[in-house]
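What follows is the content of my_file-v6.csv (CSV, C-alpha atoms and all ligand atoms).
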```csv
chain,number,residue,atom,x,y,z
S,272,MET,CA,-44.9,-37.0,-38.7
S,273,SER,CA,-42.4,-34.9,-40.6
S,274,GLN,CA,-41.6,-31.3,-39.9
S,275,SER,CA,-42.8,-30.2,-43.4
S,276,ARG,CA,-46.2,-31.8,-43.1
S,277,LEU,CA,-46.7,-30.3,-39.7
S,278,SER,CA,-45.8,-26.8,-40.9
S,279,GLN,CA,-48.2,-27.3,-43.9
S,280,GLU,CA,-51.0,-28.1,-41.5
S,281,ASP,CA,-50.4,-25.0,-39.4
S,282,ASP,CA,-49.0,-22.7,-42.0
S,283,ARG,CA,-50.3,-19.7,-40.1
S,284,ARG,CA,-48.1,-20.0,-37.1
S,285,SER,CA,-47.7,-16.8,-35.1
S,286,CYS,CA,-45.7,-16.4,-31.9
S,287,TRP,CA,-47.8,-14.9,-29.2
S,288,VAL,CA,-44.7,-13.3,-27.6
S,289,CYS,CA,-43.1,-11.5,-30.5
S,290,PHE,CA,-46.1,-11.7,-33.0
S,291,ALA,CA,-43.7,-12.9,-35.8
S,292,SER,CA,-45.0,-15.5,-38.2
S,293,GLU,CA,-43.1,-18.3,-39.9
S,294,GLU,CA,-42.3,-16.3,-42.9
S,295,ASP,CA,-40.4,-13.8,-40.8
S,296,ASP,CA,-37.8,-16.3,-39.5
S,297,ARG,CA,-37.7,-19.7,-41.2
S,298,THR,CA,-34.9,-21.1,-38.9
S,299,ALA,CA,-36.6,-20.4,-35.5
S,300,ALA,CA,-37.6,-23.4,-33.5
S,301,TRP,CA,-41.3,-23.6,-32.6
S,302,VAL,CA,-43.1,-25.2,-29.6
S,303,ARG,CA,-46.8,-25.6,-28.7
S,304,PRO,CA,-46.6,-26.0,-24.9
S,305,CYS,CA,-50.2,-25.8,-23.9
S,306,ARG,CA,-53.9,-26.5,-24.7
S,307,CYS,CA,-54.4,-23.2,-26.6
S,308,ARG,CA,-56.1,-23.7,-30.1
S,309,GLY,CA,-55.5,-21.9,-33.4
S,310,THR,CA,-52.4,-19.9,-34.5
S,311,THR,CA,-51.8,-18.7,-31.0
S,312,LYS,CA,-50.9,-22.1,-29.7
S,313,TRP,CA,-47.5,-21.6,-31.3
S,314,VAL,CA,-44.7,-19.8,-29.7
S,315,HIS,CA,-40.9,-19.6,-30.4
S,316,GLN,CA,-38.8,-21.8,-28.2
S,317,THR,CA,-36.5,-18.8,-27.5
S,318,CYS,CA,-39.4,-16.4,-26.8
S,319,LEU,CA,-41.0,-18.9,-24.4
S,320,GLN,CA,-37.7,-19.4,-22.7
S,321,ARG,CA,-37.5,-15.7,-22.1
S,322,TRP,CA,-41.1,-15.7,-20.7
S,323,VAL,CA,-40.2,-18.6,-18.4
S,324,ASP,CA,-37.0,-16.8,-17.3
S,325,GLU,CA,-39.1,-13.8,-16.4
S,326,LYS,CA,-41.5,-15.8,-14.4
S,327,GLN,CA,-39.0,-18.0,-12.6
S,328,LYS,CA,-36.4,-15.3,-11.9
S,329,GLY,CA,-33.6,-17.9,-11.7
S,330,ASN,CA,-35.6,-20.3,-9.4
S,331,SER,CA,-36.1,-23.4,-11.5
S,332,THR,CA,-38.6,-24.9,-8.9
S,333,VAL,CA,-41.2,-22.2,-9.8
S,334,LYS,CA,-44.0,-23.7,-12.0
S,335,VAL,CA,-44.9,-21.6,-15.1
S,336,ALA,CA,-48.3,-21.8,-16.8
S,337,CYS,CA,-49.7,-20.4,-20.1
S,338,PRO,CA,-51.2,-17.0,-19.4
S,339,GLN,CA,-54.2,-17.9,-21.7
S,340,CYS,CA,-55.3,-21.4,-20.9
S,341,ASN,CA,-53.4,-21.9,-17.6
S,342,THR,CA,-51.7,-25.1,-18.7
S,343,GLU,CA,-48.6,-25.7,-16.7
S,344,TYR,CA,-45.6,-26.0,-19.1
S,345,THR,CA,-43.7,-29.2,-19.1
S,346,ILE,CA,-40.1,-28.2,-18.7
S,347,ILE,CA,-37.4,-30.8,-18.8
S,348,TYR,CA,-34.0,-30.0,-17.3
S,349,PRO,CA,-30.8,-31.7,-18.1
S,350,LYS,CA,-29.9,-34.4,-15.6
S,351,LEU,CA,-27.9,-33.2,-12.6
S,352,GLY,CA,-24.7,-34.9,-11.5
S,353,PRO,CA,-24.9,-36.4,-8.0
S,354,VAL,CA,-22.8,-33.6,-6.4
S,355,VAL,CA,-25.1,-30.9,-7.9
S,356,TYR,CA,-28.1,-32.9,-6.9
S,357,VAL,CA,-27.1,-33.1,-3.3
S,358,MET,CA,-26.2,-29.4,-3.3
S,359,ASP,CA,-29.6,-28.6,-4.9
S,360,ILE,CA,-31.4,-30.4,-2.0
S,361,ILE,CA,-29.2,-28.7,0.6
S,362,ASP,CA,-30.0,-25.4,-1.0
S,363,ARG,CA,-33.7,-26.0,-0.9
S,364,VAL,CA,-33.7,-27.2,2.7
S,365,ILE,CA,-31.7,-24.1,3.8
S,366,TYR,CA,-34.1,-21.9,1.8
S,367,LYS,CA,-37.1,-23.4,3.6
S,368,MET,CA,-35.5,-23.4,7.1
S,369,CYS,CA,-34.3,-19.9,7.2
S,370,PRO,CA,-37.6,-18.2,8.1
S,371,PHE,CA,-38.0,-20.5,11.0
S,372,VAL,CA,-34.4,-20.0,12.2
S,373,ALA,CA,-34.8,-16.3,11.9
S,374,GLY,CA,-38.1,-16.4,13.8
S,375,GLY,CA,-36.5,-18.5,16.5
S,376,ILE,CA,-33.6,-16.1,16.9
S,377,PHE,CA,-36.1,-13.2,17.1
S,378,ILE,CA,-38.1,-14.9,19.8
S,379,GLY,CA,-34.9,-15.9,21.7
S,380,THR,CA,-33.7,-12.3,21.5
S,381,VAL,CA,-37.0,-11.0,22.9
S,382,TYR,CA,-37.0,-13.7,25.6
S,383,TRP,CA,-33.5,-12.9,26.8
S,384,THR,CA,-34.2,-9.1,26.7
S,385,MET,CA,-37.2,-9.8,28.9
S,386,VAL,CA,-35.1,-11.9,31.3
S,387,THR,CA,-32.5,-9.2,31.5
S,388,TYR,CA,-35.2,-6.5,32.0
S,389,GLY,CA,-36.7,-8.7,34.8
S,390,ALA,CA,-33.3,-9.1,36.5
S,391,VAL,CA,-32.6,-5.3,36.3
S,392,THR,CA,-36.0,-4.6,37.7
S,393,VAL,CA,-35.5,-7.0,40.6
S,394,MET,CA,-32.2,-5.3,41.5
S,395,GLN,CA,-33.8,-1.9,41.1
S,396,VAL,CA,-36.8,-2.7,43.3
S,397,LEU,CA,-35.0,-4.7,46.0
S,398,GLY,CA,-31.7,-2.8,45.9
S,399,HIS,CA,-28.6,-3.9,44.0
S,400,LYS,CA,-27.1,-6.3,46.7
S,401,GLU,CA,-30.4,-7.7,48.0
S,402,GLY,CA,-31.7,-8.3,44.5
S,403,LEU,CA,-28.5,-10.2,43.5
S,404,ASN,CA,-28.8,-12.3,46.7
S,405,VAL,CA,-32.4,-13.2,46.0
S,406,MET,CA,-31.6,-14.2,42.4
S,407,GLU,CA,-28.6,-16.2,43.4
S,408,GLN,CA,-30.6,-18.2,45.9
S,409,ALA,CA,-33.6,-18.8,43.7
S,410,ASP,CA,-34.1,-21.9,41.5
S,411,PRO,CA,-32.6,-21.2,38.0
S,412,LEU,CA,-35.8,-22.6,36.4
S,413,PHE,CA,-37.9,-20.3,38.5
S,414,LEU,CA,-35.7,-17.3,37.3
S,415,LEU,CA,-36.0,-18.3,33.7
S,416,ILE,CA,-39.8,-18.3,33.9
S,417,GLY,CA,-40.2,-15.7,36.6
S,418,LEU,CA,-38.0,-12.9,35.3
S,419,PRO,CA,-39.6,-12.6,31.9
S,420,THR,CA,-43.0,-12.5,33.4
S,421,ILE,CA,-42.1,-9.2,35.1
S,422,PRO,CA,-42.1,-7.1,31.9
S,423,LEU,CA,-45.1,-9.2,30.7
S,424,MET,CA,-47.1,-8.4,33.8
S,425,LEU,CA,-46.1,-4.7,33.7
S,426,VAL,CA,-47.4,-4.5,30.1
S,427,LEU,CA,-50.6,-6.4,30.9
S,428,GLY,CA,-51.2,-4.3,34.0
S,429,LYS,CA,-50.7,-1.2,31.9
S,430,MET,CA,-53.3,-2.4,29.4
S,431,VAL,CA,-56.0,-2.6,32.2
S,432,ARG,CA,-57.8,0.7,31.7
S,433,TRP,CA,-59.1,1.1,35.2
S,434,GLU,CA,-59.4,4.8,34.7
S,435,ASP,CA,-62.0,4.3,32.0
S,436,TYR,CA,-63.9,1.9,34.3
S,437,ILE,CA,-64.0,4.5,37.1
S,438,LEU,CA,-64.9,7.2,34.6
S,439,ARG,CA,-67.9,5.2,33.4
S,440,LEU,CA,-69.0,4.6,37.0
S,441,TRP,CA,-68.5,8.2,37.7
S,442,ARG,CA,-70.7,9.3,34.7
S,443,LYS,CA,-73.4,6.9,35.7
S,444,HIS,CA,-73.6,7.6,39.4
S,445,SER,CA,-72.1,11.0,40.0
S,446,SER,CA,-75.5,12.6,40.0
S,447,LYS,CA,-76.6,10.5,42.9
S,448,LEU,CA,-73.8,11.5,45.2
S,449,PRO,CA,-74.6,14.8,47.0
S,450,LEU,CA,-70.9,15.5,47.9
S,451,ILE,CA,-69.7,15.3,44.3
S,452,ASN,CA,-72.7,17.3,43.2
S,453,TYR,CA,-71.6,19.9,45.6
S,454,LEU,CA,-67.9,19.8,44.4
S,455,PHE,CA,-68.7,19.7,40.7
S,456,PRO,CA,-72.0,21.6,40.3
S,457,ASP,CA,-74.4,20.6,37.5
S,458,GLU,CA,-71.8,18.8,35.4
S,459,HIS,CA,-74.3,16.4,33.8
S,460,SER,CA,-77.1,18.9,33.3
S,461,ARG,CA,-74.7,20.7,30.9
S,462,LEU,CA,-74.3,17.6,28.8
S,463,SER,CA,-76.2,18.3,25.5
S,464,ARG,CA,-75.3,15.0,24.0
S,465,VAL,CA,-73.3,11.8,24.6
S,466,PRO,CA,-70.1,11.8,22.5
S,467,ALA,CA,-68.7,8.7,20.9
S,468,ASP,CA,-66.3,6.7,23.0
S,469,THR,CA,-62.7,6.9,21.9
S,470,ALA,CA,-61.5,3.4,20.8
S,471,PRO,CA,-58.6,2.3,23.0
S,472,LEU,CA,-55.4,0.8,21.6
S,473,THR,CA,-56.3,0.8,17.9
S,474,ASP,CA,-53.2,2.4,16.5
S,475,PRO,CA,-49.6,1.2,16.9
S,476,ILE,CA,-48.6,4.5,18.4
S,477,SER,CA,-50.7,3.9,21.5
S,478,ALA,CA,-49.4,0.3,21.7
S,479,THR,CA,-45.8,1.7,21.9
S,480,ARG,CA,-47.1,4.1,24.5
S,481,VAL,CA,-48.4,1.2,26.6
S,482,LEU,CA,-45.0,-0.6,26.2
S,483,CYS,CA,-42.9,2.4,27.1
S,484,GLY,CA,-45.1,3.3,30.0
S,485,ALA,CA,-45.0,-0.2,31.4
S,486,LEU,CA,-41.3,-0.7,31.1
S,487,ILE,CA,-40.4,2.7,32.6
S,488,MET,CA,-42.8,2.0,35.5
S,489,PRO,CA,-40.3,0.4,38.0
S,490,THR,CA,-37.9,3.4,37.5
S,491,ILE,CA,-40.7,5.9,38.1
S,492,ALA,CA,-41.8,3.8,41.2
S,493,THR,CA,-38.3,3.9,42.6
S,494,ILE,CA,-38.0,7.7,42.1
S,495,VAL,CA,-41.4,8.5,43.5
S,496,GLY,CA,-40.8,6.1,46.4
S,497,LYS,CA,-37.5,7.9,47.2
S,498,LEU,CA,-39.1,11.3,46.9
S,499,MET,CA,-42.3,10.6,48.9
S,500,PHE,CA,-41.5,7.7,51.2
S,501,GLY,CA,-37.8,8.4,52.0
S,502,LEU,CA,-38.4,7.3,55.6
S,503,VAL,CA,-39.4,3.7,54.7
S,504,GLN,CA,-36.3,1.5,55.2
S,505,SER,CA,-37.2,-1.4,53.0
S,506,ASN,CA,-36.4,-0.8,49.3
S,507,PHE,CA,-39.2,-3.1,48.2
S,508,GLN,CA,-41.8,-1.4,50.4
S,509,ARG,CA,-40.6,2.1,49.4
S,510,THR,CA,-40.8,1.3,45.7
S,511,LEU,CA,-44.1,-0.4,46.0
S,512,LEU,CA,-45.6,2.6,47.8
S,513,GLY,CA,-44.0,4.9,45.2
S,514,GLY,CA,-45.6,2.9,42.4
S,515,ILE,CA,-49.0,2.9,44.0
S,516,ALA,CA,-48.8,6.6,44.7
S,517,PHE,CA,-47.7,7.3,41.1
S,518,VAL,CA,-50.4,5.2,39.6
S,519,ALA,CA,-53.1,6.8,41.8
S,520,ILE,CA,-52.0,10.4,41.2
S,521,LYS,CA,-51.6,9.8,37.4
S,522,GLY,CA,-55.0,8.0,37.4
S,523,VAL,CA,-56.8,10.9,39.1
S,524,LEU,CA,-55.2,13.4,36.6
S,525,LYS,CA,-56.0,11.2,33.7
S,526,ILE,CA,-59.6,10.8,34.8
S,527,TYR,CA,-59.9,14.6,35.2
S,528,TYR,CA,-58.4,15.2,31.8
S,529,LYS,CA,-60.6,12.6,30.1
S,530,GLN,CA,-63.7,14.0,31.8
S,531,GLN,CA,-62.8,17.5,30.6
S,532,GLN,CA,-62.3,16.2,27.0
S,533,TYR,CA,-65.6,14.4,27.3
S,534,LEU,CA,-67.5,17.5,28.3
S,535,ARG,CA,-65.7,19.5,25.6
S,536,GLN,CA,-66.9,17.0,23.0
S,537,ALA,CA,-70.4,16.7,24.5
S,538,ASN,CA,-70.9,20.5,24.4
S,539,ARG,CA,-69.4,21.4,21.0
S,540,ILE,CA,-71.4,23.2,18.4
S,541,ILE,CA,-70.9,23.1,14.7
S,542,CYS,CA,-71.2,26.5,13.1
S,543,ASP,CA,-72.9,27.7,9.9
S,544,PHE,CA,-70.6,28.0,6.8
S,545,ASP,CA,-69.8,31.7,6.4
S,546,GLU,CA,-68.5,32.9,3.1
S,547,PRO,CA,-68.5,36.7,2.9
S,548,ASN,CA,-67.2,37.1,-0.7
S,549,GLN,CA,-69.8,35.0,-2.5
S,550,PRO,CA,-72.9,37.0,-3.6
S,551,SER,CA,-76.0,35.6,-2.0
S,552,GLU,CA,-79.0,34.6,-4.1
S,553,THR,CA,-81.5,36.3,-1.9
S,554,PRO,CA,-81.0,39.9,-0.9
S,555,PRO,CA,-79.6,40.2,2.6
S,556,SER,CA,-82.2,40.8,5.2
S,557,THR,CA,-79.8,43.0,7.2
S,558,PRO,CA,-77.8,45.7,5.7
S,559,PRO,CA,-74.0,45.0,5.5
S,560,GLN,CA,-71.9,46.7,8.1
S,601,ZN,ZN,-41.4,-15.3,-30.9
S,602,ZN,ZN,-52.3,-21.9,-23.6
```
Rewrite the coordinates I just gave you, this time as C-alpha cells.
Amino acid sequence: MSQSRLSQEDDRRSCWVCFASEEDDRTAAWVRPCRCRGTTKWVHQTCLQRWVDEKQKGNSTVKVACPQCNTEYTIIYPKLGPVVYVMDIIDRVIYKMCPFVAGGIFIGTVYWTMVTYGAVTVMQVLGHKEGLNVMEQADPLFLLIGLPTIPLMLVLGKMVRWEDYILRLWRKHSSKLPLINYLFPDEHSRLSRVPADTAPLTDPISATRVLCGALIMPTIATIVGKLMFGLVQSNFQRTLLGGIAFVAIKGVLKIYYKQQQYLRQANRIICDFDEPNQPSETPPSTPPQ
C-alpha cells in the first residue's frame, strides 16, 4: 500500500512523545511500533529513537517496550562485521563474569586474611619460635584449613552469650539460694514488672563489636596471662589461663551490669505530664506556691 493512502487512513497521526501532528512536520518519518490503537499508535522515528536511547543507555542488549501496551519494540541493527561480532561476544562474557571474579577475589582476600590472622595467633599464643616450629612441621593442608578456623572459632565463641544464659538461670533460681539471698537482699521482691528482653545482635554495630572482641581476644589473653600467671613457664598454658581468667572476670562484670540495667528498667516509673504555663480547665485544687 502506498504512503499517501496510509496517511489518508490515519490522517490524525499524533506523536505520543512530542505531541506534534502530521501537519506540524510533513517530512518526519513515522513508525507504529506496538499494539496501541488510535492516533497514539503513531510516533516519530526520531522521537522513538530518543526514547529507546534513554531506556537502553548505550547498552543495545536491553529490551525496550511500549509504556502503554507493553509490546516489546522490534529493533533491527545493522549487521556486524566478524571482528566486531567477536568483540561484542567477548564484551558480553566479560560483563557477565566480572561480578563472579570480584566475588572470588573478595572471598580469597578474606580467606588469606584469616590464614594470616591464624598464623599470627599461633605465634602469639605459643611464642614466636615455637609457633613457627609447629607450623613448619604441620601438614600444609592442615594449616590451610586449621589456621582460618582460628578466627572463625573465636567469632563463633564470642557469639555464645553464656552470660545471658547464666543471668536467666540466676533470675529464675536466685530466690531459692539462701546464700545469694543473704548477699543480695530482696532483689526480686523489688521487681515491680518484668522488662522486655533486649534483642541480641540485631544491629550491625553489635556485629562489629563481636568481630573486634573476638579478634583482639588472643592479644588480651596473652597480656592477662603475662600479668596474672607470670610464673607459668609454658606460653600456651599461660595464655590459656589468661584467656579463661579474662573471660570469667569480664563475664561476672557483664552479668552484674546487665542485672543492674534489668532492675533499673523493671523499677522505672513514667511520670505525669507537667506543663505549668498552660491554664488548666478546672480550677486548681491547691493554691499555687
Ligand atoms: Zn515526535
Ligand atoms: Zn503501545
Problem set entry | Best match for closeness to Met424 (chain S) among S:Arg297, S:Leu482, S:Leu534, S:Val354, counting only C-alpha atoms |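 Answer, going by the shortest atom-to-atom distance: S:Leu482.
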Tell me, counting only C-alpha atoms and all ligand atoms, for each residue of chain S within 10 Å of ligand ZN 601 (chain S), which pair of atoms is nearest and how far apart they are in Å to one decimal, in rows ordered by chain and increasing number, as a tab-separated table.
```
residue	atom	partner	partner_atom	distance
S:Ser285	CA	S:ZN601	ZN	7.7
S:Cys286	CA	S:ZN601	ZN	4.5
S:Trp287	CA	S:ZN601	ZN	6.6
S:Val288	CA	S:ZN601	ZN	5.1
S:Cys289	CA	S:ZN601	ZN	4.2
S:Phe290	CA	S:ZN601	ZN	6.3
S:Ala291	CA	S:ZN601	ZN	5.9
S:Ser292	CA	S:ZN601	ZN	8.1
S:Glu293	CA	S:ZN601	ZN	9.6
S:Asp296	CA	S:ZN601	ZN	9.4
S:Ala299	CA	S:ZN601	ZN	8.4
S:Ala300	CA	S:ZN601	ZN	9.3
S:Trp301	CA	S:ZN601	ZN	8.5
S:Trp313	CA	S:ZN601	ZN	8.8
S:Val314	CA	S:ZN601	ZN	5.7
S:His315	CA	S:ZN601	ZN	4.4
S:Gln316	CA	S:ZN601	ZN	7.5
S:Thr317	CA	S:ZN601	ZN	6.9
S:Cys318	CA	S:ZN601	ZN	4.7
S:Leu319	CA	S:ZN601	ZN	7.4
S:Gln320	CA	S:ZN601	ZN	9.9
S:Arg321	CA	S:ZN601	ZN	9.6
```
Dump C-alpha atoms for the selected residues as a tab-separated table (two decimals), keeping the file's coordinate frame?
```
chain	number	residue	atom	x	y	z
S	285	SER	CA	-47.70	-16.80	-35.10
S	286	CYS	CA	-45.70	-16.40	-31.90
S	287	TRP	CA	-47.80	-14.90	-29.20
S	288	VAL	CA	-44.70	-13.30	-27.60
S	289	CYS	CA	-43.10	-11.50	-30.50
S	290	PHE	CA	-46.10	-11.70	-33.00
S	291	ALA	CA	-43.70	-12.90	-35.80
S	292	SER	CA	-45.00	-15.50	-38.20
S	293	GLU	CA	-43.10	-18.30	-39.90
S	296	ASP	CA	-37.80	-16.30	-39.50
S	299	ALA	CA	-36.60	-20.40	-35.50
S	300	ALA	CA	-37.60	-23.40	-33.50
S	301	TRP	CA	-41.30	-23.60	-32.60
S	313	TRP	CA	-47.50	-21.60	-31.30
S	314	VAL	CA	-44.70	-19.80	-29.70
S	315	HIS	CA	-40.90	-19.60	-30.40
S	316	GLN	CA	-38.80	-21.80	-28.20
S	317	THR	CA	-36.50	-18.80	-27.50
S	318	CYS	CA	-39.40	-16.40	-26.80
S	319	LEU	CA	-41.00	-18.90	-24.40
S	320	GLN	CA	-37.70	-19.40	-22.70
S	321	ARG	CA	-37.50	-15.70	-22.10
```
Exercise. Can I get the residues close to ligand ZN 602 (chain S) as a list of chain:residue names, where close means within 6 Å and we count only C-alpha atoms and all ligand atoms?
Worked result: S:Cys305, S:Arg306, S:Cys307, S:Cys337, S:Gln339, S:Cys340, S:Thr342
Problem set entry | Gap from CA of Ile437 (chain S) to CA of Ile526 (chain S) - Å, one decimal | 8.0 Å
Problem set entry | Residue nearest Leu440 (chain S) - candidates S:Lys328, S:Ile520, S:Thr310, S:Gln530, atoms counted: only C-alpha atoms |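 Checking each candidate against Leu440 (chain S), we get S:Gln530 as the closest.
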Exercise. Interatomic distance between CA of Thr510 (chain S) and CA of Lys529 (chain S)?
Worked result: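 The value is 27.6 Å.
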Exercise. Which polymer residues have any atom within 6 Å of an atom of region 488-496 of chain S, counting all atoms listed in the file, with same-chain residues fewer than 5 positions away left out, as a list of chain:residue names?
Worked result: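 So the residues in contact are S:Arg509, S:Thr510, S:Gly513, S:Gly514.
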For this session: Name all residues at most 12 Å from Val405 (chain S) (count all atoms listed in the file; drop same-chain ones fewer than 6 positions away) and give them as a PyMOL selection string.
Result: chain S and resi 390+393-394+396-399+411+413-414
For this session: Tell me which of S:Thr387, S:Asn538, S:Thr479, S:Gln408 sits closest to Ile421 (chain S), counting only C-alpha atoms.
Result: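 Going through S:Thr387, S:Asn538, S:Thr479, S:Gln408 one by one, the smallest distance to Ile421 (chain S) is for S:Thr387.
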Exercise. Restricting the calculation to all atoms listed in the file, which member of S:Ala519, S:Leu498, S:Leu425, S:Leu418 is positioned closest to Thr384 (chain S)?
Worked result: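 Using all atoms listed in the file, the shortest distance to Thr384 (chain S) belongs to S:Leu418.
CA of Gly428 (chain S) lies 14.0 Å from CA of Phe517 (chain S).
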Exercise. From the set S:Pro304, S:Val481, S:Val335, S:Met368, which residue has the shortest atom-to-atom contact distance to Arg432 (chain S), counting only C-alpha atoms?
Worked result: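 Selected residue with least distance to Arg432 (chain S): S:Val481.
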For this session: Considering all atoms listed in the file, return as a list of chain:residue names whatever protein or nucleic-acid residues lie within 8 Å of Met385 (chain S), sequence-local ones (same chain, fewer than 3 positions apart) excluded.
Result: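 Contacts, in chain order: S:Val381, S:Tyr382, S:Tyr388, S:Gly389, S:Leu418, S:Pro419, S:Thr420, S:Ile421, S:Pro422.
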Would you output region 316-338 of chain S from that structure, restricted to N, CA and C atoms, as a PDB file, in the first residue's frame?
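File written: part_14.pdb
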```
ATOM      1  N   GLN S 316       9.841   8.422  14.211  1.00  0.00           N
ATOM      2  CA  GLN S 316      11.021   7.539  14.270  1.00  0.00           C
ATOM      3  C   GLN S 316      12.106   8.162  15.157  1.00  0.00           C
ATOM      4  N   THR S 317      12.380   9.463  14.964  1.00  0.00           N
ATOM      5  CA  THR S 317      13.446  10.120  15.739  1.00  0.00           C
ATOM      6  C   THR S 317      13.065  10.237  17.218  1.00  0.00           C
ATOM      7  N   CYS S 318      11.766  10.513  17.466  1.00  0.00           N
ATOM      8  CA  CYS S 318      11.331  10.636  18.862  1.00  0.00           C
ATOM      9  C   CYS S 318      11.470   9.298  19.586  1.00  0.00           C
ATOM     10  N   LEU S 319      11.057   8.219  18.877  1.00  0.00           N
ATOM     11  CA  LEU S 319      11.143   6.895  19.488  1.00  0.00           C
ATOM     12  C   LEU S 319      12.606   6.483  19.687  1.00  0.00           C
ATOM     13  N   GLN S 320      13.468   6.878  18.735  1.00  0.00           N
ATOM     14  CA  GLN S 320      14.901   6.583  18.895  1.00  0.00           C
ATOM     15  C   GLN S 320      15.432   7.212  20.182  1.00  0.00           C
ATOM     16  N   ARG S 321      15.007   8.446  20.421  1.00  0.00           N
ATOM     17  CA  ARG S 321      15.470   9.111  21.641  1.00  0.00           C
ATOM     18  C   ARG S 321      14.970   8.385  22.883  1.00  0.00           C
ATOM     19  N   TRP S 322      13.703   7.930  22.808  1.00  0.00           N
ATOM     20  CA  TRP S 322      13.090   7.197  23.910  1.00  0.00           C
ATOM     21  C   TRP S 322      13.858   5.895  24.177  1.00  0.00           C
ATOM     22  N   VAL S 323      14.199   5.188  23.074  1.00  0.00           N
ATOM     23  CA  VAL S 323      14.950   3.931  23.209  1.00  0.00           C
ATOM     24  C   VAL S 323      16.350   4.211  23.773  1.00  0.00           C
ATOM     25  N   ASP S 324      16.958   5.304  23.283  1.00  0.00           N
ATOM     26  CA  ASP S 324      18.277   5.698  23.812  1.00  0.00           C
ATOM     27  C   ASP S 324      18.226   5.871  25.326  1.00  0.00           C
ATOM     28  N   GLU S 325      17.177   6.546  25.731  1.00  0.00           N
ATOM     29  CA  GLU S 325      17.039   6.846  27.152  1.00  0.00           C
ATOM     30  C   GLU S 325      16.903   5.571  27.970  1.00  0.00           C
ATOM     31  N   LYS S 326      16.170   4.570  27.408  1.00  0.00           N
ATOM     32  CA  LYS S 326      15.942   3.322  28.130  1.00  0.00           C
ATOM     33  C   LYS S 326      17.190   2.441  28.092  1.00  0.00           C
ATOM     34  N   GLN S 327      17.853   2.414  26.922  1.00  0.00           N
ATOM     35  CA  GLN S 327      18.984   1.493  26.772  1.00  0.00           C
ATOM     36  C   GLN S 327      20.265   2.024  27.392  1.00  0.00           C
ATOM     37  N   LYS S 328      20.403   3.319  27.433  1.00  0.00           N
ATOM     38  CA  LYS S 328      21.609   3.960  27.973  1.00  0.00           C
ATOM     39  C   LYS S 328      22.878   3.373  27.360  1.00  0.00           C
ATOM     40  N   GLY S 329      22.853   3.187  26.043  1.00  0.00           N
ATOM     41  CA  GLY S 329      24.047   2.726  25.333  1.00  0.00           C
ATOM     42  C   GLY S 329      24.208   1.234  25.283  1.00  0.00           C
ATOM     43  N   ASN S 330      23.404   0.478  26.038  1.00  0.00           N
ATOM     44  CA  ASN S 330      23.516  -0.978  26.022  1.00  0.00           C
ATOM     45  C   ASN S 330      22.453  -1.542  25.091  1.00  0.00           C
ATOM     46  N   SER S 331      22.884  -1.967  23.900  1.00  0.00           N
ATOM     47  CA  SER S 331      21.898  -2.348  22.888  1.00  0.00           C
ATOM     48  C   SER S 331      21.267  -3.707  23.165  1.00  0.00           C
ATOM     49  N   THR S 332      21.683  -4.416  24.228  1.00  0.00           N
ATOM     50  CA  THR S 332      21.045  -5.694  24.547  1.00  0.00           C
ATOM     51  C   THR S 332      19.771  -5.491  25.378  1.00  0.00           C
ATOM     52  N   VAL S 333      19.580  -4.290  25.914  1.00  0.00           N
ATOM     53  CA  VAL S 333      18.401  -4.038  26.749  1.00  0.00           C
ATOM     54  C   VAL S 333      17.151  -4.007  25.872  1.00  0.00           C
ATOM     55  N   LYS S 334      16.111  -4.743  26.287  1.00  0.00           N
ATOM     56  CA  LYS S 334      14.839  -4.752  25.558  1.00  0.00           C
ATOM     57  C   LYS S 334      14.036  -3.525  25.983  1.00  0.00           C
ATOM     58  N   VAL S 335      13.387  -2.892  24.975  1.00  0.00           N
ATOM     59  CA  VAL S 335      12.556  -1.731  25.283  1.00  0.00           C
ATOM     60  C   VAL S 335      11.136  -2.037  24.842  1.00  0.00           C
ATOM     61  N   ALA S 336      10.166  -1.660  25.682  1.00  0.00           N
ATOM     62  CA  ALA S 336       8.766  -1.945  25.378  1.00  0.00           C
ATOM     63  C   ALA S 336       7.955  -0.654  25.415  1.00  0.00           C
ATOM     64  N   CYS S 337       6.788  -0.691  24.757  1.00  0.00           N
ATOM     65  CA  CYS S 337       5.883   0.459  24.757  1.00  0.00           C
ATOM     66  C   CYS S 337       5.386   0.699  26.185  1.00  0.00           C
ATOM     67  N   PRO S 338       5.430   1.934  26.660  1.00  0.00           N
ATOM     68  CA  PRO S 338       4.994   2.199  28.027  1.00  0.00           C
ATOM     69  C   PRO S 338       3.487   2.013  28.217  1.00  0.00           C
TER      70      PRO S 338
END
```
